[in-house]
Every structure is written in structure tokens, then in C-alpha cells.
file structure00.cif (mmCIF, N, CA and C atoms)
data_upload
#
loop_
_atom_site.group_PDB
_atom_site.id
_atom_site.type_symbol
_atom_site.label_atom_id
_atom_site.label_comp_id
_atom_site.auth_asym_id
_atom_site.auth_seq_id
_atom_site.Cartn_x
_atom_site.Cartn_y
_atom_site.Cartn_z
ATOM 1 N N MET M 1 129.054 125.038 2.005
ATOM 2 C CA MET M 1 129.212 123.591 1.969
ATOM 3 C C MET M 1 128.434 122.980 3.131
ATOM 4 N N SER M 2 127.648 121.966 2.866
ATOM 5 C CA SER M 2 126.854 121.355 3.930
ATOM 6 C C SER M 2 127.711 120.432 4.787
ATOM 7 N N LYS M 3 127.255 120.237 6.022
ATOM 8 C CA LYS M 3 127.979 119.382 6.960
ATOM 9 C C LYS M 3 127.715 117.914 6.630
ATOM 10 N N PRO M 4 128.694 117.057 6.862
ATOM 11 C CA PRO M 4 128.465 115.623 6.618
ATOM 12 C C PRO M 4 127.453 115.062 7.611
ATOM 13 N N ILE M 5 126.707 114.037 7.207
ATOM 14 C CA ILE M 5 125.665 113.441 8.038
ATOM 15 C C ILE M 5 126.235 112.787 9.291
ATOM 16 N N ASN M 6 127.527 112.414 9.287
ATOM 17 C CA ASN M 6 128.080 111.738 10.446
ATOM 18 C C ASN M 6 128.457 112.680 11.579
ATOM 19 N N GLU M 7 128.254 113.969 11.405
ATOM 20 C CA GLU M 7 128.473 114.890 12.510
ATOM 21 C C GLU M 7 127.357 114.666 13.529
ATOM 22 N N PRO M 8 127.675 114.615 14.853
ATOM 23 C CA PRO M 8 126.677 114.220 15.867
ATOM 24 C C PRO M 8 125.351 114.972 15.778
ATOM 25 N N ARG M 9 125.361 116.257 15.603
ATOM 26 C CA ARG M 9 124.112 117.024 15.569
ATOM 27 C C ARG M 9 123.263 116.614 14.365
ATOM 28 N N MET M 10 123.888 116.377 13.236
ATOM 29 C CA MET M 10 123.152 115.984 12.037
ATOM 30 C C MET M 10 122.545 114.593 12.203
ATOM 31 N N VAL M 11 123.273 113.684 12.816
ATOM 32 C CA VAL M 11 122.750 112.345 13.063
ATOM 33 C C VAL M 11 121.552 112.434 13.989
ATOM 34 N N GLN M 12 121.663 113.232 15.042
ATOM 35 C CA GLN M 12 120.563 113.394 15.983
ATOM 36 C C GLN M 12 119.340 113.945 15.269
ATOM 37 N N GLN M 13 119.499 114.934 14.435
ATOM 38 C CA GLN M 13 118.368 115.506 13.720
ATOM 39 C C GLN M 13 117.741 114.504 12.767
ATOM 40 N N ALA M 14 118.553 113.642 12.195
ATOM 41 C CA ALA M 14 118.021 112.632 11.283
ATOM 42 C C ALA M 14 117.240 111.565 12.026
ATOM 43 N N LEU M 15 117.602 111.294 13.271
ATOM 44 C CA LEU M 15 116.969 110.218 14.026
ATOM 45 C C LEU M 15 115.775 110.670 14.853
ATOM 46 N N VAL M 16 115.763 111.910 15.296
ATOM 47 C CA VAL M 16 114.739 112.389 16.221
ATOM 48 C C VAL M 16 114.064 113.610 15.626
ATOM 49 N N SER M 17 112.743 113.575 15.561
ATOM 50 C CA SER M 17 112.034 114.749 15.060
ATOM 51 C C SER M 17 112.068 115.845 16.115
ATOM 52 N N ASP M 18 111.667 117.027 15.718
ATOM 53 C CA ASP M 18 111.729 118.174 16.617
ATOM 54 C C ASP M 18 110.470 118.339 17.456
ATOM 55 N N GLU M 19 109.721 117.294 17.642
ATOM 56 C CA GLU M 19 108.493 117.348 18.418
ATOM 57 C C GLU M 19 108.832 117.580 19.898
ATOM 58 N N ASP M 20 108.180 118.556 20.515
ATOM 59 C CA ASP M 20 108.411 118.849 21.925
ATOM 60 C C ASP M 20 107.600 117.905 22.808
ATOM 61 N N LEU M 21 108.158 117.576 23.961
ATOM 62 C CA LEU M 21 107.449 116.775 24.958
ATOM 63 C C LEU M 21 106.363 117.647 25.567
ATOM 64 N N SER M 22 105.123 117.180 25.537
ATOM 65 C CA SER M 22 104.042 117.978 26.106
ATOM 66 C C SER M 22 104.141 117.965 27.622
ATOM 67 N N PHE M 23 103.803 119.076 28.230
ATOM 68 C CA PHE M 23 103.896 119.157 29.685
ATOM 69 C C PHE M 23 102.899 118.223 30.353
ATOM 70 N N GLU M 24 101.790 117.904 29.661
ATOM 71 C CA GLU M 24 100.808 116.993 30.243
ATOM 72 C C GLU M 24 101.377 115.569 30.380
ATOM 73 N N LEU M 25 102.239 115.180 29.466
ATOM 74 C CA LEU M 25 102.791 113.829 29.475
ATOM 75 C C LEU M 25 104.154 113.732 30.146
ATOM 76 N N ALA M 26 104.778 114.856 30.402
ATOM 77 C CA ALA M 26 106.145 114.869 30.938
ATOM 78 C C ALA M 26 106.271 114.100 32.246
ATOM 79 N N ALA M 27 105.272 114.173 33.101
ATOM 80 C CA ALA M 27 105.341 113.492 34.394
ATOM 81 C C ALA M 27 105.312 111.972 34.253
ATOM 82 N N LEU M 28 104.850 111.465 33.122
ATOM 83 C CA LEU M 28 104.778 110.021 32.919
ATOM 84 C C LEU M 28 106.101 109.413 32.442
ATOM 85 N N VAL M 29 106.991 110.234 31.903
ATOM 86 C CA VAL M 29 108.251 109.719 31.362
ATOM 87 C C VAL M 29 109.095 109.015 32.426
ATOM 88 N N PRO M 30 109.307 109.605 33.609
ATOM 89 C CA PRO M 30 110.101 108.879 34.614
ATOM 90 C C PRO M 30 109.448 107.558 35.038
ATOM 91 N N THR M 31 108.136 107.526 35.099
ATOM 92 C CA THR M 31 107.439 106.287 35.449
ATOM 93 C C THR M 31 107.635 105.236 34.364
ATOM 94 N N ALA M 32 107.545 105.653 33.103
ATOM 95 C CA ALA M 32 107.782 104.727 31.993
ATOM 96 C C ALA M 32 109.227 104.225 32.022
ATOM 97 N N ASN M 33 110.163 105.106 32.320
ATOM 98 C CA ASN M 33 111.554 104.686 32.440
ATOM 99 C C ASN M 33 111.720 103.720 33.608
ATOM 100 N N GLY M 34 110.891 103.870 34.635
ATOM 101 C CA GLY M 34 110.925 102.961 35.775
ATOM 102 C C GLY M 34 110.576 101.532 35.381
ATOM 103 N N ILE M 35 109.712 101.375 34.377
ATOM 104 C CA ILE M 35 109.376 100.040 33.874
ATOM 105 C C ILE M 35 110.639 99.369 33.343
ATOM 106 N N VAL M 36 111.384 100.114 32.546
ATOM 107 C CA VAL M 36 112.630 99.588 31.967
ATOM 108 C C VAL M 36 113.638 99.294 33.074
ATOM 109 N N ASN M 37 113.773 100.216 34.011
ATOM 110 C CA ASN M 37 114.745 100.030 35.100
ATOM 111 C C ASN M 37 114.409 98.814 35.950
ATOM 112 N N ALA M 38 113.131 98.647 36.280
ATOM 113 C CA ALA M 38 112.725 97.507 37.111
ATOM 114 C C ALA M 38 112.971 96.186 36.384
ATOM 115 N N ALA M 39 112.605 96.124 35.114
ATOM 116 C CA ALA M 39 112.821 94.891 34.353
ATOM 117 C C ALA M 39 114.307 94.591 34.198
ATOM 118 N N SER M 40 115.110 95.624 33.980
ATOM 119 C CA SER M 40 116.562 95.435 33.855
ATOM 120 C C SER M 40 117.170 94.947 35.159
ATOM 121 N N THR M 41 116.721 95.505 36.267
ATOM 122 C CA THR M 41 117.205 95.068 37.579
ATOM 123 C C THR M 41 116.825 93.618 37.827
ATOM 124 N N PHE M 42 115.599 93.258 37.452
ATOM 125 C CA PHE M 42 115.160 91.869 37.602
ATOM 126 C C PHE M 42 116.044 90.932 36.791
ATOM 127 N N ILE M 43 116.315 91.294 35.541
ATOM 128 C CA ILE M 43 117.155 90.455 34.679
ATOM 129 C C ILE M 43 118.530 90.257 35.311
ATOM 130 N N ASP M 44 119.094 91.328 35.835
ATOM 131 C CA ASP M 44 120.414 91.248 36.473
ATOM 132 C C ASP M 44 120.394 90.300 37.662
ATOM 133 N N LYS M 45 119.428 90.464 38.546
ATOM 134 C CA LYS M 45 119.360 89.627 39.749
ATOM 135 C C LYS M 45 119.028 88.168 39.406
ATOM 136 N N ALA M 46 118.142 87.961 38.453
ATOM 137 C CA ALA M 46 117.780 86.603 38.066
ATOM 138 C C ALA M 46 118.960 85.886 37.403
ATOM 139 N N THR M 47 119.710 86.616 36.600
ATOM 140 C CA THR M 47 120.888 86.028 35.966
ATOM 141 C C THR M 47 121.929 85.649 37.008
ATOM 142 N N LYS M 48 122.115 86.518 37.994
ATOM 143 C CA LYS M 48 123.056 86.200 39.082
ATOM 144 C C LYS M 48 122.609 84.954 39.852
ATOM 145 N N LEU M 49 121.300 84.809 40.036
ATOM 146 C CA LEU M 49 120.778 83.614 40.706
ATOM 147 C C LEU M 49 121.101 82.363 39.890
ATOM 148 N N LEU M 50 120.906 82.441 38.580
ATOM 149 C CA LEU M 50 121.198 81.288 37.717
ATOM 150 C C LEU M 50 122.684 80.922 37.736
ATOM 151 N N LEU M 51 123.534 81.915 37.869
ATOM 152 C CA LEU M 51 124.979 81.686 37.836
ATOM 153 C C LEU M 51 125.583 81.407 39.216
ATOM 154 N N SER M 52 124.758 81.481 40.244
ATOM 155 C CA SER M 52 125.248 81.304 41.606
ATOM 156 C C SER M 52 125.710 79.873 41.878
ATOM 157 N N ASP M 53 126.841 79.769 42.548
ATOM 158 C CA ASP M 53 127.325 78.457 42.993
ATOM 159 C C ASP M 53 126.737 78.091 44.351
ATOM 160 N N LYS M 54 126.185 79.084 45.044
ATOM 161 C CA LYS M 54 125.678 78.867 46.398
ATOM 162 C C LYS M 54 124.235 78.393 46.432
ATOM 163 N N ILE M 55 123.478 78.736 45.406
ATOM 164 C CA ILE M 55 122.064 78.358 45.365
ATOM 165 C C ILE M 55 121.864 77.385 44.210
ATOM 166 N N ILE M 56 121.371 76.218 44.537
ATOM 167 C CA ILE M 56 121.114 75.187 43.527
ATOM 168 C C ILE M 56 119.605 75.145 43.260
ATOM 169 N N LEU M 57 119.232 75.386 42.011
ATOM 170 C CA LEU M 57 117.823 75.376 41.629
ATOM 171 C C LEU M 57 117.449 74.018 41.045
ATOM 172 N N THR M 58 116.207 73.639 41.268
ATOM 173 C CA THR M 58 115.695 72.439 40.606
ATOM 174 C C THR M 58 115.518 72.767 39.125
ATOM 175 N N ASP M 59 115.309 71.750 38.314
ATOM 176 C CA ASP M 59 115.074 71.977 36.887
ATOM 177 C C ASP M 59 113.856 72.874 36.673
ATOM 178 N N GLU M 60 112.812 72.631 37.438
ATOM 179 C CA GLU M 60 111.595 73.435 37.325
ATOM 180 C C GLU M 60 111.866 74.891 37.717
ATOM 181 N N GLN M 61 112.593 75.091 38.798
ATOM 182 C CA GLN M 61 112.936 76.457 39.221
ATOM 183 C C GLN M 61 113.803 77.155 38.173
ATOM 184 N N HIS M 62 114.764 76.424 37.626
ATOM 185 C CA HIS M 62 115.642 76.983 36.598
ATOM 186 C C HIS M 62 114.825 77.423 35.382
ATOM 187 N N THR M 63 113.914 76.556 34.938
ATOM 188 C CA THR M 63 113.053 76.877 33.797
ATOM 189 C C THR M 63 112.191 78.096 34.097
ATOM 190 N N THR M 64 111.678 78.173 35.313
ATOM 191 C CA THR M 64 110.846 79.310 35.714
ATOM 192 C C THR M 64 111.629 80.612 35.647
ATOM 193 N N VAL M 65 112.855 80.599 36.153
ATOM 194 C CA VAL M 65 113.679 81.813 36.149
ATOM 195 C C VAL M 65 114.053 82.209 34.724
ATOM 196 N N VAL M 66 114.416 81.236 33.898
ATOM 197 C CA VAL M 66 114.770 81.526 32.500
ATOM 198 C C VAL M 66 113.568 82.128 31.770
ATOM 199 N N THR M 67 112.386 81.574 31.992
ATOM 200 C CA THR M 67 111.170 82.105 31.369
ATOM 201 C C THR M 67 110.871 83.513 31.866
ATOM 202 N N ALA M 68 111.052 83.738 33.154
ATOM 203 C CA ALA M 68 110.823 85.072 33.734
ATOM 204 C C ALA M 68 111.795 86.090 33.145
ATOM 205 N N ILE M 69 113.028 85.683 32.907
ATOM 206 C CA ILE M 69 114.000 86.588 32.280
ATOM 207 C C ILE M 69 113.539 86.951 30.871
ATOM 208 N N ALA M 70 113.036 85.977 30.131
ATOM 209 C CA ALA M 70 112.542 86.247 28.771
ATOM 210 C C ALA M 70 111.390 87.251 28.796
ATOM 211 N N VAL M 71 110.492 87.097 29.748
ATOM 212 C CA VAL M 71 109.378 88.042 29.887
ATOM 213 C C VAL M 71 109.912 89.434 30.250
ATOM 214 N N ALA M 72 110.878 89.479 31.149
ATOM 215 C CA ALA M 72 111.466 90.762 31.551
ATOM 216 C C ALA M 72 112.169 91.440 30.374
ATOM 217 N N GLN M 73 112.794 90.656 29.506
ATOM 218 C CA GLN M 73 113.437 91.240 28.328
ATOM 219 C C GLN M 73 112.412 91.881 27.404
ATOM 220 N N LEU M 74 111.262 91.242 27.258
ATOM 221 C CA LEU M 74 110.178 91.850 26.478
ATOM 222 C C LEU M 74 109.663 93.108 27.155
ATOM 223 N N THR M 75 109.616 93.079 28.479
ATOM 224 C CA THR M 75 109.164 94.239 29.240
ATOM 225 C C THR M 75 110.101 95.425 29.036
ATOM 226 N N VAL M 76 111.395 95.163 28.962
ATOM 227 C CA VAL M 76 112.357 96.240 28.684
ATOM 228 C C VAL M 76 112.036 96.888 27.344
ATOM 229 N N LYS M 77 111.792 96.072 26.323
ATOM 230 C CA LYS M 77 111.477 96.607 25.000
ATOM 231 C C LYS M 77 110.177 97.404 25.007
ATOM 232 N N GLU M 78 109.167 96.871 25.664
ATOM 233 C CA GLU M 78 107.882 97.566 25.686
ATOM 234 C C GLU M 78 107.938 98.821 26.554
ATOM 235 N N GLY M 79 108.677 98.765 27.658
ATOM 236 C CA GLY M 79 108.859 99.970 28.489
ATOM 237 C C GLY M 79 109.569 101.065 27.717
ATOM 238 N N ALA M 80 110.562 100.685 26.934
ATOM 239 C CA ALA M 80 111.264 101.664 26.102
ATOM 240 C C ALA M 80 110.318 102.254 25.057
ATOM 241 N N ALA M 81 109.436 101.406 24.511
ATOM 242 C CA ALA M 81 108.461 101.893 23.532
ATOM 243 C C ALA M 81 107.479 102.866 24.176
ATOM 244 N N VAL M 82 107.065 102.595 25.400
ATOM 245 C CA VAL M 82 106.166 103.504 26.123
ATOM 246 C C VAL M 82 106.851 104.856 26.316
ATOM 247 N N SER M 83 108.092 104.815 26.761
ATOM 248 C CA SER M 83 108.840 106.053 26.975
ATOM 249 C C SER M 83 108.990 106.837 25.677
ATOM 250 N N LYS M 84 109.327 106.134 24.610
ATOM 251 C CA LYS M 84 109.484 106.795 23.310
ATOM 252 C C LYS M 84 108.164 107.390 22.843
ATOM 253 N N LEU M 85 107.083 106.663 23.033
ATOM 254 C CA LEU M 85 105.760 107.160 22.637
ATOM 255 C C LEU M 85 105.423 108.451 23.371
ATOM 256 N N LEU M 86 105.696 108.487 24.666
ATOM 257 C CA LEU M 86 105.403 109.691 25.444
ATOM 258 C C LEU M 86 106.243 110.880 24.980
ATOM 259 N N ARG M 87 107.504 110.617 24.657
ATOM 260 C CA ARG M 87 108.408 111.689 24.259
ATOM 261 C C ARG M 87 108.201 112.138 22.819
ATOM 262 N N ASN M 88 107.719 111.240 21.963
ATOM 263 C CA ASN M 88 107.626 111.561 20.551
ATOM 264 C C ASN M 88 106.480 110.771 19.912
ATOM 265 N N PRO M 89 105.226 111.130 20.231
ATOM 266 C CA PRO M 89 104.072 110.339 19.795
ATOM 267 C C PRO M 89 103.946 110.176 18.285
ATOM 268 N N ASP M 90 104.161 111.228 17.527
ATOM 269 C CA ASP M 90 103.964 111.143 16.075
ATOM 270 C C ASP M 90 104.942 110.174 15.430
ATOM 271 N N ALA M 91 106.203 110.252 15.804
ATOM 272 C CA ALA M 91 107.222 109.397 15.192
ATOM 273 C C ALA M 91 107.151 107.962 15.698
ATOM 274 N N SER M 92 106.463 107.729 16.804
ATOM 275 C CA SER M 92 106.427 106.404 17.422
ATOM 276 C C SER M 92 105.198 105.588 17.050
ATOM 277 N N ALA M 93 104.289 106.160 16.349
ATOM 278 C CA ALA M 93 103.008 105.489 16.083
ATOM 279 C C ALA M 93 103.187 104.127 15.420
ATOM 280 N N ASP M 94 104.055 104.029 14.417
ATOM 281 C CA ASP M 94 104.249 102.749 13.728
ATOM 282 C C ASP M 94 104.869 101.703 14.632
ATOM 283 N N ILE M 95 105.837 102.118 15.440
ATOM 284 C CA ILE M 95 106.497 101.180 16.356
ATOM 285 C C ILE M 95 105.497 100.661 17.379
ATOM 286 N N ILE M 96 104.715 101.547 17.943
ATOM 287 C CA ILE M 96 103.740 101.171 18.965
ATOM 288 C C ILE M 96 102.678 100.266 18.359
ATOM 289 N N ALA M 97 102.265 100.539 17.147
ATOM 290 C CA ALA M 97 101.250 99.693 16.495
ATOM 291 C C ALA M 97 101.738 98.254 16.391
ATOM 292 N N GLY M 98 103.007 98.069 16.183
ATOM 293 C CA GLY M 98 103.558 96.727 16.095
ATOM 294 C C GLY M 98 103.576 95.998 17.428
ATOM 295 N N LEU M 99 103.525 96.728 18.522
ATOM 296 C CA LEU M 99 103.549 96.115 19.843
ATOM 297 C C LEU M 99 102.161 95.815 20.399
ATOM 298 N N ARG M 100 101.135 96.384 19.782
ATOM 299 C CA ARG M 100 99.782 96.203 20.303
ATOM 300 C C ARG M 100 99.381 94.743 20.291
ATOM 301 N N LEU M 101 98.681 94.368 21.336
ATOM 302 C CA LEU M 101 98.203 92.990 21.436
ATOM 303 C C LEU M 101 97.043 92.772 20.491
ATOM 304 N N THR M 102 97.025 91.643 19.837
ATOM 305 C CA THR M 102 95.866 91.277 19.030
ATOM 306 C C THR M 102 94.762 90.819 19.983
ATOM 307 N N SER M 103 93.556 90.680 19.493
ATOM 308 C CA SER M 103 92.463 90.242 20.353
ATOM 309 C C SER M 103 92.747 88.855 20.920
ATOM 310 N N LYS M 104 93.390 87.967 20.131
ATOM 311 C CA LYS M 104 93.747 86.637 20.623
ATOM 312 C C LYS M 104 94.765 86.738 21.755
ATOM 313 N N ASP M 105 95.769 87.653 21.612
ATOM 314 C CA ASP M 105 96.760 87.843 22.666
ATOM 315 C C ASP M 105 96.102 88.315 23.954
ATOM 316 N N ARG M 106 95.116 89.211 23.834
ATOM 317 C CA ARG M 106 94.439 89.724 25.020
ATOM 318 C C ARG M 106 93.688 88.602 25.750
ATOM 319 N N GLN M 107 93.093 87.705 24.986
ATOM 320 C CA GLN M 107 92.369 86.591 25.581
ATOM 321 C C GLN M 107 93.315 85.638 26.292
ATOM 322 N N ASP M 108 94.519 85.469 25.734
ATOM 323 C CA ASP M 108 95.510 84.575 26.333
ATOM 324 C C ASP M 108 96.140 85.173 27.578
ATOM 325 N N ALA M 109 96.130 86.496 27.689
ATOM 326 C CA ALA M 109 96.808 87.174 28.825
ATOM 327 C C ALA M 109 96.082 86.971 30.128
#

call {"tool": "encode", "arguments": {"input": "structure00.cif", "output": "C-alpha cells"}}
result
Amino acid sequence: MSKPINEPRMVQQALVSDEDLSFELAALVPTANGIVNAASTFIDKATKLLLSDKIILTDEQHTTVVTAIAVAQLTVKEGAAVSKLLRNPDASADIIAGLRLTSKDRQDA
């Protein structure tokens, strides 16, 4: 009798291919995770600044911080995609393709 799909090992196998992390790319994974960690830390600190009763921001400053948080949230997603790509390049190709900048985006950057 086969095991049900909701057993943890079966779910993991369904979600993650058995591709091994190459030793050439392994050193980049912690750095890629650092992108996510830095952006997450920024979001936390910026949110605390917005919620602070001790520091009063001007409307322009408030807008700047809110916009910076939005950029940091995108950075978290892209950092996670970088990490996933390094760990599992074949399975990540479609996801990464969706994140690539178009030529117009590159010109705007």
C-alpha cells in the first residue's frame, strides 16, 4: 500500500526535486540568504520607525520610508529566488524567468 501524499517526506519529494547543490555554487547560498536577511531587517526597522511615537516624520519622509519598505519587500522575494536558483537551478528556471528585467526596466533602473 502506498503512503498518503500528506506524509511529510512525500510532500517534500513532491515539492523539491532531487537535484544536488553543486559545490561550485554552495558558497553563494549564504550570501544570497544574506540579501533576504538584510531586506527583512530593513523592513522591521523601517516599520518600527513608522510606528514610533518618539520620532515624528514629515509627510515626505513617511512616503519615502513606505516606498523603501515596498522595495525591500520585492528584494526579499528576489533574494529568495536567487537562493532557490542556486540550490535548484533546473526547477527554478521558470520562476527566475518571470523575475528578469525587461529591456525597458533596465533602462528605467

call {"tool": "resolve_selection", "arguments": {"input": "structure00.cif", "expression": "the PyMOL selection byres ((chain M and resi 85-90) around 7)", "output": "list in words"}}
result
Glu19, Asp20, Leu21, Ser22, Leu25, Ala26, Val29, Ala80, Ala81, Val82, Ser83, Lys84, Ala91, Ser92, Ala93 and Asp94 of chain M

call {"tool": "atom_distance", "arguments": {"input": "structure00.cif", "atom1": "atom C of Ala27 (chain M)", "atom2": "atom N of Phe42 (chain M)"}}
result
21.6 Å

call {"tool": "residues_around", "arguments": {"input": "structure00.cif", "residues": "Gly79 (chain M)", "least_positions_apart": "6", "cutoff": "9 Å", "atoms": "only C-alpha atoms", "output": "list in words"}}
result
Ala32, Asn33, Gly34, Ile35, Val36, Asn37 and Ala39 of chain M

call {"tool": "atom_distance", "arguments": {"input": "structure00.cif", "atom1": "CA of Ala46 (chain M)", "atom2": "atom C of Thr31 (chain M)"}}
result
21.5 Å

call {"tool": "atom_distance", "arguments": {"input": "structure00.cif", "atom1": "CA of Ile55 (chain M)", "atom2": "CA of Val76 (chain M)"}}
result
26.3 Å

call {"tool": "decode", "arguments": {"input": "structure00.cif", "residues": "region 71-86 of chain M", "atoms": "N, CA and C atoms", "output": "short mmCIF file (atom, residue, chain, number, x, y, z; two decimals), in the first residue's frame"}}
result
data_model
loop_
_atom_site.label_atom_id
_atom_site.label_comp_id
_atom_site.auth_asym_id
_atom_site.auth_seq_id
_atom_site.Cartn_x
_atom_site.Cartn_y
_atom_site.Cartn_z
N VAL M 71 10.11 48.47 -1.71
CA VAL M 71 11.28 47.99 -2.46
C VAL M 71 11.95 46.83 -1.71
N ALA M 72 12.06 46.96 -0.40
CA ALA M 72 12.68 45.90 0.40
C ALA M 72 11.85 44.61 0.34
N GLN M 73 10.53 44.74 0.28
CA GLN M 73 9.69 43.55 0.16
C GLN M 73 9.94 42.83 -1.16
N LEU M 74 10.13 43.60 -2.22
CA LEU M 74 10.49 42.99 -3.51
C LEU M 74 11.86 42.35 -3.44
N THR M 75 12.77 42.98 -2.71
CA THR M 75 14.11 42.44 -2.55
C THR M 75 14.08 41.10 -1.82
N VAL M 76 13.21 40.98 -0.83
CA VAL M 76 13.06 39.69 -0.14
C VAL M 76 12.66 38.61 -1.13
N LYS M 77 11.68 38.90 -1.98
CA LYS M 77 11.23 37.92 -2.97
C LYS M 77 12.33 37.57 -3.96
N GLU M 78 13.04 38.57 -4.43
CA GLU M 78 14.09 38.30 -5.41
C GLU M 78 15.29 37.60 -4.77
N GLY M 79 15.61 37.97 -3.53
CA GLY M 79 16.69 37.27 -2.81
C GLY M 79 16.35 35.81 -2.60
N ALA M 80 15.10 35.53 -2.28
CA ALA M 80 14.67 34.14 -2.12
C ALA M 80 14.76 33.40 -3.45
N ALA M 81 14.43 34.10 -4.55
CA ALA M 81 14.54 33.47 -5.87
C ALA M 81 15.99 33.18 -6.22
N VAL M 82 16.90 34.06 -5.87
CA VAL M 82 18.33 33.83 -6.11
C VAL M 82 18.79 32.59 -5.34
N SER M 83 18.41 32.52 -4.08
CA SER M 83 18.78 31.38 -3.25
C SER M 83 18.23 30.08 -3.83
N LYS M 84 16.97 30.12 -4.23
CA LYS M 84 16.34 28.92 -4.81
C LYS M 84 17.03 28.53 -6.11
N LEU M 85 17.37 29.50 -6.93
CA LEU M 85 18.06 29.22 -8.19
C LEU M 85 19.39 28.53 -7.94
N LEU M 86 20.14 29.02 -6.96
CA LEU M 86 21.43 28.41 -6.66
C LEU M 86 21.28 26.98 -6.16
#
